[in-house]
file entry_38.pdb (PDB, C-alpha atoms, pLDDT in the B column)
ATOM      1  CA  MET A 270     -56.952  -0.423 -56.738  1.00 52.00           C
ATOM      2  CA  LEU A 271     -56.399   3.268 -55.931  1.00 56.00           C
ATOM      3  CA  LEU A 272     -54.203   5.095 -58.430  1.00 57.00           C
ATOM      4  CA  ILE A 273     -52.603   8.353 -57.357  1.00 75.00           C
ATOM      5  CA  TRP A 274     -51.313  10.391 -60.281  1.00 71.00           C
ATOM      6  CA  GLY A 275     -50.538  14.017 -60.952  1.00 75.00           C
ATOM      7  CA  LEU A 276     -48.081  16.584 -62.289  1.00 79.00           C
ATOM      8  CA  ARG A 277     -45.010  17.780 -60.431  1.00 78.00           C
ATOM      9  CA  VAL A 278     -41.872  19.800 -61.193  1.00 79.00           C
ATOM     10  CA  PHE A 279     -38.526  18.200 -60.394  1.00 83.00           C
ATOM     11  CA  TYR A 280     -35.222  20.060 -60.363  1.00 83.00           C
ATOM     12  CA  ARG A 281     -31.702  18.872 -60.985  1.00 87.00           C
ATOM     13  CA  THR A 282     -28.403  20.686 -60.464  1.00 90.00           C
ATOM     14  CA  ILE A 283     -26.621  21.468 -63.720  1.00 92.00           C
ATOM     15  CA  GLY A 284     -23.903  23.778 -62.417  1.00 93.00           C
ATOM     16  CA  GLN A 285     -22.381  25.398 -59.361  1.00 93.00           C
ATOM     17  CA  GLY A 286     -19.928  28.094 -58.390  1.00 94.00           C
ATOM     18  CA  VAL A 287     -19.620  31.419 -56.560  1.00 92.00           C
ATOM     19  CA  PHE A 288     -21.864  34.444 -57.099  1.00 92.00           C
ATOM     20  CA  HIS A 289     -22.894  37.636 -55.321  1.00 88.00           C
ATOM     21  CA  CYS A 290     -26.002  36.962 -53.228  1.00 91.00           C
ATOM     22  CA  LYS A 291     -28.000  40.162 -52.698  1.00 87.00           C
ATOM     23  CA  ARG A 292     -29.788  38.787 -49.660  1.00 91.00           C
ATOM     24  CA  CYS A 293     -26.594  37.639 -47.937  1.00 89.00           C
ATOM     25  CA  GLY A 294     -24.787  40.760 -49.091  1.00 84.00           C
ATOM     26  CA  GLY A 295     -21.625  38.951 -50.203  1.00 86.00           C
ATOM     27  CA  ASP A 296     -20.099  36.157 -52.237  1.00 90.00           C
ATOM     28  CA  ARG A 297     -21.706  32.779 -51.691  1.00 93.00           C
ATOM     29  CA  GLN A 298     -21.740  29.322 -53.230  1.00 94.00           C
ATOM     30  CA  TYR A 299     -24.651  28.691 -55.596  1.00 96.00           C
ATOM     31  CA  ARG A 300     -26.184  25.868 -57.563  1.00 94.00           C
ATOM     32  CA  LEU A 301     -27.759  26.314 -60.975  1.00 95.00           C
ATOM     33  CA  ARG A 302     -30.893  24.206 -61.230  1.00 93.00           C
ATOM     34  CA  SER A 303     -33.007  23.198 -64.205  1.00 92.00           C
ATOM     35  CA  GLY A 304     -36.658  22.178 -63.792  1.00 90.00           C
ATOM     36  CA  ARG A 305     -38.893  19.831 -65.750  1.00 86.00           C
ATOM     37  CA  ARG A 306     -42.525  18.919 -65.244  1.00 87.00           C
ATOM     38  CA  PHE A 307     -43.261  15.201 -64.922  1.00 84.00           C
ATOM     39  CA  PHE A 308     -46.353  13.057 -64.957  1.00 81.00           C
ATOM     40  CA  THR A 309     -46.216  11.161 -61.664  1.00 79.00           C
ATOM     41  CA  LEU A 310     -47.709   7.926 -60.517  1.00 79.00           C
ATOM     42  CA  PHE A 311     -47.735   7.262 -56.792  1.00 75.00           C
ATOM     43  CA  PHE A 312     -45.602  10.441 -56.521  1.00 71.00           C
ATOM     44  CA  ILE A 313     -42.898   8.839 -58.686  1.00 77.00           C
ATOM     45  CA  PRO A 314     -41.879  10.739 -61.855  1.00 78.00           C
ATOM     46  CA  ILE A 315     -42.834   8.583 -64.842  1.00 79.00           C
ATOM     47  CA  ILE A 316     -43.159  10.692 -67.996  1.00 75.00           C
ATOM     48  CA  PRO A 317     -41.038  13.818 -68.572  1.00 81.00           C
ATOM     49  CA  LEU A 318     -43.014  16.728 -69.976  1.00 81.00           C
ATOM     50  CA  ASN A 319     -42.044  20.362 -70.643  1.00 81.00           C
ATOM     51  CA  LYS A 320     -39.102  22.238 -69.157  1.00 81.00           C
ATOM     52  CA  VAL A 321     -40.004  25.007 -66.723  1.00 81.00           C
ATOM     53  CA  GLY A 322     -36.780  27.010 -66.780  1.00 86.00           C
ATOM     54  CA  GLU A 323     -33.672  27.473 -64.695  1.00 90.00           C
ATOM     55  CA  HIS A 324     -32.827  29.361 -61.531  1.00 91.00           C
ATOM     56  CA  VAL A 325     -29.863  30.099 -59.278  1.00 94.00           C
ATOM     57  CA  GLN A 326     -30.100  29.139 -55.625  1.00 95.00           C
ATOM     58  CA  CYS A 327     -27.841  30.456 -52.884  1.00 95.00           C
ATOM     59  CA  LEU A 328     -26.610  27.532 -50.804  1.00 94.00           C
ATOM     60  CA  THR A 329     -26.441  29.720 -47.686  1.00 95.00           C
ATOM     61  CA  CYS A 330     -29.824  31.470 -47.505  1.00 95.00           C
ATOM     62  CA  LYS A 331     -31.590  29.245 -50.083  1.00 94.00           C
ATOM     63  CA  THR A 332     -32.931  32.287 -51.945  1.00 94.00           C
ATOM     64  CA  ARG A 333     -33.682  31.658 -55.603  1.00 92.00           C
ATOM     65  CA  TYR A 334     -32.719  34.116 -58.328  1.00 94.00           C
ATOM     66  CA  HIS A 335     -33.120  34.483 -62.062  1.00 92.00           C
ATOM     67  CA  THR A 336     -30.046  33.258 -63.915  1.00 91.00           C
ATOM     68  CA  ASN A 337     -29.058  36.849 -64.767  1.00 90.00           C
ATOM     69  CA  ALA A 338     -27.831  37.061 -61.153  1.00 89.00           C
ATOM     70  CA  LEU A 339     -24.712  35.278 -62.388  1.00 88.00           C
ATOM     71  CA  ALA A 340     -23.865  38.328 -64.509  1.00 81.00           C
ATOM     72  CA  LEU A 341     -23.230  40.400 -61.361  1.00 78.00           C
ATOM     73  CA  PRO A 342     -19.538  40.529 -60.474  1.00 79.00           C
ATOM     74  CA  THR A 343     -18.420  38.910 -57.245  1.00 84.00           C
ATOM     75  CA  ALA A 344     -16.542  40.919 -54.621  1.00 80.00           C
ATOM     76  CA  GLU A 345     -13.339  39.178 -55.688  1.00 82.00           C
ATOM     77  CA  GLN A 346     -13.934  40.104 -59.326  1.00 82.00           C
ATOM     78  CA  MET A 347     -14.700  43.707 -58.399  1.00 80.00           C
ATOM     79  CA  GLN A 348     -11.540  43.911 -56.310  1.00 82.00           C
ATOM     80  CA  ALA A 349      -9.476  42.612 -59.231  1.00 86.00           C
ATOM     81  CA  ALA A 350     -11.182  44.747 -61.891  1.00 90.00           C
ATOM     82  CA  LEU A 351      -9.844  48.153 -60.802  1.00 93.00           C
ATOM     83  CA  PRO A 352      -6.119  47.338 -60.862  1.00 95.00           C
ATOM     84  CA  ALA A 353      -6.562  45.297 -64.060  1.00 95.00           C
ATOM     85  CA  GLY A 354      -8.353  48.217 -65.694  1.00 96.00           C
ATOM     86  CA  MET A 355      -5.697  50.713 -64.601  1.00 97.00           C
ATOM     87  CA  ARG A 356      -2.951  48.446 -65.930  1.00 97.00           C
ATOM     88  CA  ALA A 357      -4.713  48.296 -69.290  1.00 97.00           C
ATOM     89  CA  ALA A 358      -5.314  52.043 -69.429  1.00 97.00           C
ATOM     90  CA  ALA A 359      -1.794  52.973 -68.308  1.00 97.00           C
ATOM     91  CA  SER A 360      -0.190  50.716 -70.895  1.00 96.00           C
ATOM     92  CA  ALA A 361      -2.457  52.168 -73.598  1.00 97.00           C
ATOM     93  CA  MET A 362      -1.385  55.685 -72.666  1.00 97.00           C
ATOM     94  CA  LEU A 363       2.312  54.766 -72.583  1.00 97.00           C
ATOM     95  CA  ARG A 364       2.089  53.080 -75.992  1.00 96.00           C
ATOM     96  CA  SER A 365       0.676  56.290 -77.461  1.00 96.00           C
ATOM     97  CA  GLY A 366       3.645  58.304 -76.195  1.00 94.00           C
ATOM     98  CA  ASP A 367       7.221  57.633 -75.155  1.00 93.00           C
ATOM     99  CA  GLN A 368       7.278  54.184 -73.534  1.00 92.00           C
ATOM    100  CA  GLY A 369      10.811  54.797 -72.307  1.00 93.00           C
ATOM    101  CA  SER A 370      10.027  58.037 -70.472  1.00 95.00           C
ATOM    102  CA  LEU A 371      11.111  57.585 -66.856  1.00 96.00           C
ATOM    103  CA  GLN A 372       8.593  60.150 -65.623  1.00 96.00           C
ATOM    104  CA  ALA A 373       5.693  58.547 -67.478  1.00 97.00           C
ATOM    105  CA  ARG A 374       6.671  55.050 -66.385  1.00 97.00           C
ATOM    106  CA  ARG A 375       7.018  56.165 -62.768  1.00 97.00           C
ATOM    107  CA  LYS A 376       3.598  57.832 -62.855  1.00 97.00           C
ATOM    108  CA  ALA A 377       2.056  54.737 -64.455  1.00 97.00           C
ATOM    109  CA  ILE A 378       3.422  52.497 -61.709  1.00 97.00           C
ATOM    110  CA  GLU A 379       2.147  54.917 -59.040  1.00 96.00           C
ATOM    111  CA  ALA A 380      -1.330  54.942 -60.589  1.00 96.00           C
ATOM    112  CA  ILE A 381      -1.454  51.165 -60.861  1.00 96.00           C
ATOM    113  CA  THR A 382      -0.262  50.498 -57.319  1.00 95.00           C
ATOM    114  CA  GLY A 383      -2.674  53.171 -56.106  1.00 93.00           C
ATOM    115  CA  ALA A 384      -5.481  51.238 -57.792  1.00 92.00           C
ATOM    116  CA  GLY A 385      -4.625  48.169 -55.743  1.00 91.00           C
ATOM    117  CA  ALA A 386      -1.934  46.259 -57.637  1.00 93.00           C
ATOM    118  CA  GLN A 387       0.512  45.930 -54.771  1.00 90.00           C
ATOM    119  CA  GLY A 388       4.037  44.922 -55.767  1.00 93.00           C
ATOM    120  CA  TYR A 389       3.631  46.186 -59.324  1.00 96.00           C
ATOM    121  CA  ASN A 390       7.025  47.134 -60.754  1.00 96.00           C
ATOM    122  CA  GLU A 391       9.042  47.916 -63.882  1.00 96.00           C
ATOM    123  CA  ALA A 392       9.117  44.280 -64.985  1.00 96.00           C
ATOM    124  CA  ALA A 393       5.340  44.000 -64.695  1.00 97.00           C
ATOM    125  CA  LEU A 394       4.965  47.224 -66.676  1.00 97.00           C
ATOM    126  CA  ASP A 395       7.183  45.888 -69.459  1.00 96.00           C
ATOM    127  CA  SER A 396       5.081  42.725 -69.521  1.00 96.00           C
ATOM    128  CA  ASP A 397       1.877  44.760 -69.882  1.00 96.00           C
ATOM    129  CA  LEU A 398       3.372  46.870 -72.659  1.00 96.00           C
ATOM    130  CA  ALA A 399       4.344  43.704 -74.542  1.00 94.00           C
ATOM    131  CA  GLN A 400       0.757  42.417 -74.540  1.00 91.00           C
ATOM    132  CA  SER A 401      -1.627  42.899 -77.450  1.00 89.00           C
ATOM    133  CA  PRO A 402      -3.620  46.155 -77.144  1.00 89.00           C
ATOM    134  CA  GLU A 403      -6.772  44.114 -77.785  1.00 91.00           C
ATOM    135  CA  TYR A 404      -7.057  43.293 -74.065  1.00 88.00           C
ATOM    136  CA  VAL A 405      -7.460  46.969 -73.117  1.00 93.00           C
ATOM    137  CA  ALA A 406     -11.129  47.452 -74.063  1.00 95.00           C
ATOM    138  CA  PRO A 407     -12.510  44.362 -72.245  1.00 93.00           C
ATOM    139  CA  ALA A 408     -10.622  45.275 -69.065  1.00 94.00           C
ATOM    140  CA  LEU A 409     -11.918  48.844 -69.180  1.00 96.00           C
ATOM    141  CA  ASN A 410     -15.465  47.743 -70.032  1.00 94.00           C
ATOM    142  CA  GLN A 411     -15.480  45.572 -66.924  1.00 90.00           C
ATOM    143  CA  VAL A 412     -14.217  48.239 -64.562  1.00 92.00           C
ATOM    144  CA  GLY A 413     -16.469  50.843 -66.197  1.00 93.00           C
ATOM    145  CA  GLU A 414     -19.541  48.771 -65.329  1.00 87.00           C
ATOM    146  CA  GLN A 415     -18.591  48.957 -61.655  1.00 85.00           C
ATOM    147  CA  LEU A 416     -17.519  52.590 -61.272  1.00 88.00           C
ATOM    148  CA  ALA A 417     -19.828  55.491 -60.506  1.00 85.00           C
ATOM    149  CA  ALA A 418     -19.576  58.625 -62.660  1.00 91.00           C
ATOM    150  CA  GLN A 419     -17.205  60.449 -60.283  1.00 92.00           C
ATOM    151  CA  ALA A 420     -14.981  57.385 -59.981  1.00 91.00           C
ATOM    152  CA  LYS A 421     -14.726  57.188 -63.787  1.00 94.00           C
ATOM    153  CA  GLU A 422     -13.619  60.814 -63.849  1.00 95.00           C
ATOM    154  CA  TRP A 423     -10.947  60.106 -61.231  1.00 95.00           C
ATOM    155  CA  PHE A 424      -9.783  57.065 -63.224  1.00 96.00           C
ATOM    156  CA  LEU A 425      -9.516  59.025 -66.482  1.00 97.00           C
ATOM    157  CA  ALA A 426      -7.716  61.911 -64.778  1.00 96.00           C
ATOM    158  CA  GLU A 427      -5.098  59.470 -63.462  1.00 96.00           C
ATOM    159  CA  VAL A 428      -4.540  58.172 -66.991  1.00 97.00           C
ATOM    160  CA  VAL A 429      -4.247  61.719 -68.360  1.00 97.00           C
ATOM    161  CA  ARG A 430      -1.643  62.555 -65.691  1.00 97.00           C
ATOM    162  CA  ILE A 431       0.457  59.635 -66.937  1.00 97.00           C
ATOM    163  CA  GLY A 432       0.459  61.170 -70.411  1.00 96.00           C
ATOM    164  CA  MET A 433       1.302  64.634 -69.074  1.00 96.00           C
ATOM    165  CA  SER A 434       4.052  63.521 -66.706  1.00 95.00           C
ATOM    166  CA  ASP A 435       6.713  64.178 -69.350  1.00 93.00           C
ATOM    167  CA  GLY A 436       5.087  67.144 -71.059  1.00 93.00           C
ATOM    168  CA  PRO A 437       1.800  68.292 -72.639  1.00 95.00           C
ATOM    169  CA  LEU A 438      -0.455  65.671 -74.183  1.00 96.00           C
ATOM    170  CA  SER A 439       0.361  64.829 -77.769  1.00 96.00           C
ATOM    171  CA  ASP A 440      -2.431  64.231 -80.273  1.00 96.00           C
ATOM    172  CA  ALA A 441      -1.873  60.473 -79.945  1.00 97.00           C
ATOM    173  CA  GLU A 442      -2.013  60.641 -76.137  1.00 97.00           C
ATOM    174  CA  ARG A 443      -5.183  62.732 -76.278  1.00 97.00           C
ATOM    175  CA  GLN A 444      -6.777  60.128 -78.557  1.00 97.00           C
ATOM    176  CA  ALA A 445      -5.697  57.385 -76.156  1.00 97.00           C
ATOM    177  CA  ALA A 446      -7.361  59.228 -73.255  1.00 97.00           C
ATOM    178  CA  GLN A 447     -10.563  59.624 -75.267  1.00 97.00           C
ATOM    179  CA  ALA A 448     -10.500  55.914 -76.133  1.00 97.00           C
ATOM    180  CA  VAL A 449     -10.085  55.024 -72.451  1.00 97.00           C
ATOM    181  CA  ALA A 450     -13.065  57.235 -71.600  1.00 97.00           C
ATOM    182  CA  ALA A 451     -15.211  55.577 -74.267  1.00 97.00           C
ATOM    183  CA  ASP A 452     -14.318  52.101 -72.997  1.00 97.00           C
ATOM    184  CA  LEU A 453     -15.271  53.221 -69.467  1.00 96.00           C
ATOM    185  CA  GLY A 454     -18.695  54.240 -70.773  1.00 96.00           C
ATOM    186  CA  MET A 455     -18.156  57.999 -70.628  1.00 96.00           C
ATOM    187  CA  THR A 456     -19.534  60.408 -73.211  1.00 96.00           C
ATOM    188  CA  GLN A 457     -17.303  62.562 -75.397  1.00 95.00           C
ATOM    189  CA  ALA A 458     -18.403  65.640 -73.450  1.00 96.00           C
ATOM    190  CA  GLN A 459     -17.483  64.009 -70.132  1.00 96.00           C
ATOM    191  CA  ALA A 460     -14.108  62.945 -71.505  1.00 97.00           C
ATOM    192  CA  TYR A 461     -13.386  66.422 -72.870  1.00 96.00           C
ATOM    193  CA  GLY A 462     -14.283  67.997 -69.536  1.00 96.00           C
ATOM    194  CA  VAL A 463     -12.041  65.695 -67.493  1.00 97.00           C
ATOM    195  CA  ILE A 464      -9.099  65.997 -69.886  1.00 97.00           C
ATOM    196  CA  SER A 465      -9.366  69.797 -70.018  1.00 96.00           C
ATOM    197  CA  MET A 466      -9.749  70.144 -66.256  1.00 96.00           C
ATOM    198  CA  THR A 467      -6.744  67.891 -65.615  1.00 96.00           C
ATOM    199  CA  GLU A 468      -4.634  69.885 -68.073  1.00 96.00           C
ATOM    200  CA  ARG A 469      -5.632  73.194 -66.446  1.00 94.00           C
ATOM    201  CA  ALA A 470      -4.857  71.852 -62.990  1.00 92.00           C
ATOM    202  CA  ALA A 471      -1.392  70.761 -64.144  1.00 89.00           C
ATOM    203  CA  ALA A 472      -0.719  74.152 -65.745  1.00 84.00           C
ATOM    204  CA  SER A 473      -1.577  75.998 -62.533  1.00 79.00           C
ATOM    205  CA  ASP A 474       0.816  73.919 -60.374  1.00 70.00           C
TER     206      ASP A 474
END
call {"tool": "encode", "arguments": {"input": "entry_38.pdb", "output": "structure tokens"}}
result
Amino acid sequence: MLLIWGLRVFYRTIGQGVFHCKRCGGDRQYRLRSGRRFFTLFFIPIIPLNKVGEHVQCLTCKTRYHTNALALPTAEQMQAALPAGMRAAASAMLRSGDQGSLQARRKAIEAITGAGAQGYNEAALDSDLAQSPEYVAPALNQVGEQLAAQAKEWFLAEVVRIGMSDGPLSDAERQAAQAVAADLGMTQAQAYGVISMTERAAASD
């Protein structure tokens, strides 16, 4: 009797969702697969042996990636990150100053809608101000990971303009701007430069 035996890796799907596929250049469905080596008899898996790791496979182009590909933000997440980050930063700046200032509130709403939050209004601003400040850092960390250096400077300058819309920056507002910069991943020197430049530009208007 002829016995055919050997070793073979079999994969099973342990998860699925949407990720950013570099090869496709956009958001695609994926499956997360886990592999295990088996002893086979007549090509049938008989004895499970060691695990051989996991990978992510795009269901469109079938390309396989390391699981760290799931850490990349999807286009939808990137689109949502900027307005969410600006909402967090604007509310942090307003809390450090006069939350009731009409000029500051108006500038905050302009900055937030300009960042992509269409339909944002006074009621939404009040809701953001009522939230715990603990959500600010995670929102800014996320948007900071996606912005280039010049975009971070633009973002911080917008936040500084909110603080200056009703007068010069107070010490508390300046600290809030520096905290926003740190959460974006900017250095103290970068933050100082942007804050100073924005203040000088406002003084010359």
call {"tool": "atom_distance", "arguments": {"input": "entry_38.pdb", "atom1": "CA of Ser303 (chain A)", "atom2": "CA of Ile283 (chain A)"}}
result
6.6 Å
call {"tool": "resolve_selection", "arguments": {"input": "entry_38.pdb", "expression": "the PyMOL selection byres ((chain A and resi 454-461) around 12)", "output": "number ranges by chain"}}
result
A: 406-407, 409-426, 428-429, 443-453, 462-468
call {"tool": "atom_distance", "arguments": {"input": "entry_38.pdb", "atom1": "CA of Gly294 (chain A)", "atom2": "CA of Gly385 (chain A)"}}
result
22.5 Å
call {"tool": "residues_around", "arguments": {"input": "entry_38.pdb", "residues": "Glu345 (chain A)", "least_positions_apart": "2", "cutoff": "10 Å", "atoms": "only C-alpha atoms", "output": "list of chain:residue names"}}
result
A:Phe288, A:His289, A:Gly295, A:Asp296, A:Pro342, A:Thr343, A:Met347, A:Gln348, A:Ala349, A:Ala350
call {"tool": "residues_around", "arguments": {"input": "entry_38.pdb", "residues": "Pro437 (chain A)", "least_positions_apart": "2", "cutoff": "12 Å", "atoms": "all atoms listed in the file", "output": "MDAnalysis selection string"}}
result
chainID A and resid 366 373 429:435 439:443 464:465 467:469 471:472
call {"tool": "closest_residue", "arguments": {"input": "entry_38.pdb", "among": "A:Arg364, A:Lys291, A:Arg277, A:Arg375", "to": "Pro317 (chain A)", "atoms": "all atoms listed in the file"}}
result
A:Arg277
call {"tool": "resolve_selection", "arguments": {"input": "entry_38.pdb", "expression": "the PyMOL selection byres ((chain A and resi 330) around 12)", "output": "list of chain:residue names"}}
result
A:Cys290, A:Lys291, A:Arg292, A:Cys293, A:Gly294, A:Gly295, A:Asp296, A:Arg297, A:Gln298, A:Tyr299, A:Val325, A:Gln326, A:Cys327, A:Leu328, A:Thr329, A:Lys331, A:Thr332, A:Arg333, A:Tyr334
call {"tool": "resolve_selection", "arguments": {"input": "entry_38.pdb", "expression": "the PyMOL selection byres ((chain A and resi 278) around 10)", "output": "list in words"}}
result
Leu276, Arg277, Phe279, Tyr280, Ser303, Gly304, Arg305, Arg306, Phe307, Phe308, Thr309, Pro314, Pro317, Leu318, Asn319, Lys320 and Val321 of chain A
call {"tool": "closest_residue", "arguments": {"input": "entry_38.pdb", "among": "A:Leu398, A:Ile315, A:Val405, A:Met355", "to": "Asp367 (chain A)", "atoms": "only C-alpha atoms"}}
result
A:Leu398
call {"tool": "atom_distance", "arguments": {"input": "entry_38.pdb", "atom1": "CA of Ala357 (chain A)", "atom2": "CA of Gly436 (chain A)"}}
result
21.3 Å
call {"tool": "axis_aligned_box", "arguments": {"input": "entry_38.pdb", "around": "region 463-473 of chain A", "padding_each_side": "5 Å", "output": "AutoDock Vina command-line options"}}
result
--center_x -6.4 --center_y 70.8 --center_z -66.3 --size_x 21.3 --size_y 20.3 --size_z 17.5
call {"tool": "closest_residue", "arguments": {"input": "entry_38.pdb", "among": "A:Ala399, A:Leu310, A:Ala470, A:Ala393", "to": "Ala361 (chain A)", "atoms": "only C-alpha atoms"}}
result
A:Ala399
call {"tool": "closest_residue", "arguments": {"input": "entry_38.pdb", "among": "A:Ser360, A:Gln372, A:Gln285, A:Thr382", "to": "Asp397 (chain A)", "atoms": "all atoms listed in the file"}}
result
A:Ser360
call {"tool": "closest_residue", "arguments": {"input": "entry_38.pdb", "among": "A:Glu403, A:Asp395, A:Glu323, A:Asp474", "to": "Ile378 (chain A)", "atoms": "all atoms listed in the file"}}
result
A:Asp395
call {"tool": "build_atoms", "arguments": {"input": "entry_38.pdb", "residues": "region 426-446 of chain A", "atoms": "N, CA and C atoms", "output": "mmCIF file, in the coordinates of the input"}}
result
data_model
loop_
_atom_site.group_PDB
_atom_site.id
_atom_site.type_symbol
_atom_site.label_atom_id
_atom_site.label_comp_id
_atom_site.auth_asym_id
_atom_site.auth_seq_id
_atom_site.Cartn_x
_atom_site.Cartn_y
_atom_site.Cartn_z
ATOM 1 N N ALA A 426 -8.691 60.872 -65.130
ATOM 2 C CA ALA A 426 -7.716 61.911 -64.778
ATOM 3 C C ALA A 426 -6.362 61.299 -64.444
ATOM 4 N N GLU A 427 -6.354 60.154 -63.763
ATOM 5 C CA GLU A 427 -5.098 59.470 -63.462
ATOM 6 C C GLU A 427 -4.378 59.073 -64.746
ATOM 7 N N VAL A 428 -5.129 58.587 -65.714
ATOM 8 C CA VAL A 428 -4.540 58.172 -66.991
ATOM 9 C C VAL A 428 -3.976 59.388 -67.730
ATOM 10 N N VAL A 429 -4.711 60.490 -67.701
ATOM 11 C CA VAL A 429 -4.247 61.719 -68.360
ATOM 12 C C VAL A 429 -2.958 62.215 -67.707
ATOM 13 N N ARG A 430 -2.859 62.115 -66.395
ATOM 14 C CA ARG A 430 -1.643 62.555 -65.691
ATOM 15 C C ARG A 430 -0.432 61.721 -66.105
ATOM 16 N N ILE A 431 -0.657 60.463 -66.427
ATOM 17 C CA ILE A 431 0.457 59.635 -66.937
ATOM 18 C C ILE A 431 0.977 60.233 -68.235
ATOM 19 N N GLY A 432 0.058 60.590 -69.128
ATOM 20 C CA GLY A 432 0.459 61.170 -70.411
ATOM 21 C C GLY A 432 1.143 62.505 -70.267
ATOM 22 N N MET A 433 0.744 63.289 -69.257
ATOM 23 C CA MET A 433 1.302 64.634 -69.074
ATOM 24 C C MET A 433 2.543 64.659 -68.198
ATOM 25 N N SER A 434 2.937 63.522 -67.655
ATOM 26 C CA SER A 434 4.052 63.521 -66.706
ATOM 27 C C SER A 434 5.376 63.916 -67.341
ATOM 28 N N ASP A 435 5.467 63.773 -68.673
ATOM 29 C CA ASP A 435 6.713 64.178 -69.350
ATOM 30 C C ASP A 435 6.473 65.299 -70.347
ATOM 31 N N GLY A 436 5.380 66.023 -70.174
ATOM 32 C CA GLY A 436 5.087 67.144 -71.059
ATOM 33 C C GLY A 436 3.612 67.169 -71.449
ATOM 34 N N PRO A 437 3.199 68.192 -72.222
ATOM 35 C CA PRO A 437 1.800 68.292 -72.639
ATOM 36 C C PRO A 437 1.362 67.058 -73.438
ATOM 37 N N LEU A 438 0.068 66.802 -73.421
ATOM 38 C CA LEU A 438 -0.455 65.671 -74.183
ATOM 39 C C LEU A 438 -0.217 65.856 -75.674
ATOM 40 N N SER A 439 0.264 64.820 -76.318
ATOM 41 C CA SER A 439 0.361 64.829 -77.769
ATOM 42 C C SER A 439 -1.009 64.469 -78.334
ATOM 43 N N ASP A 440 -1.162 64.608 -79.650
ATOM 44 C CA ASP A 440 -2.431 64.231 -80.273
ATOM 45 C C ASP A 440 -2.726 62.752 -80.041
ATOM 46 N N ALA A 441 -1.688 61.915 -80.129
ATOM 47 C CA ALA A 441 -1.873 60.473 -79.945
ATOM 48 C C ALA A 441 -2.277 60.165 -78.502
ATOM 49 N N GLU A 442 -1.676 60.859 -77.546
ATOM 50 C CA GLU A 442 -2.013 60.641 -76.137
ATOM 51 C C GLU A 442 -3.430 61.122 -75.834
ATOM 52 N N ARG A 443 -3.822 62.217 -76.477
ATOM 53 C CA ARG A 443 -5.183 62.732 -76.278
ATOM 54 C C ARG A 443 -6.207 61.717 -76.835
ATOM 55 N N GLN A 444 -5.894 61.143 -77.973
ATOM 56 C CA GLN A 444 -6.777 60.128 -78.557
ATOM 57 C C GLN A 444 -6.851 58.897 -77.666
ATOM 58 N N ALA A 445 -5.720 58.535 -77.066
ATOM 59 C CA ALA A 445 -5.697 57.385 -76.156
ATOM 60 C C ALA A 445 -6.579 57.653 -74.945
ATOM 61 N N ALA A 446 -6.517 58.870 -74.399
ATOM 62 C CA ALA A 446 -7.361 59.228 -73.255
ATOM 63 C C ALA A 446 -8.836 59.175 -73.624
#
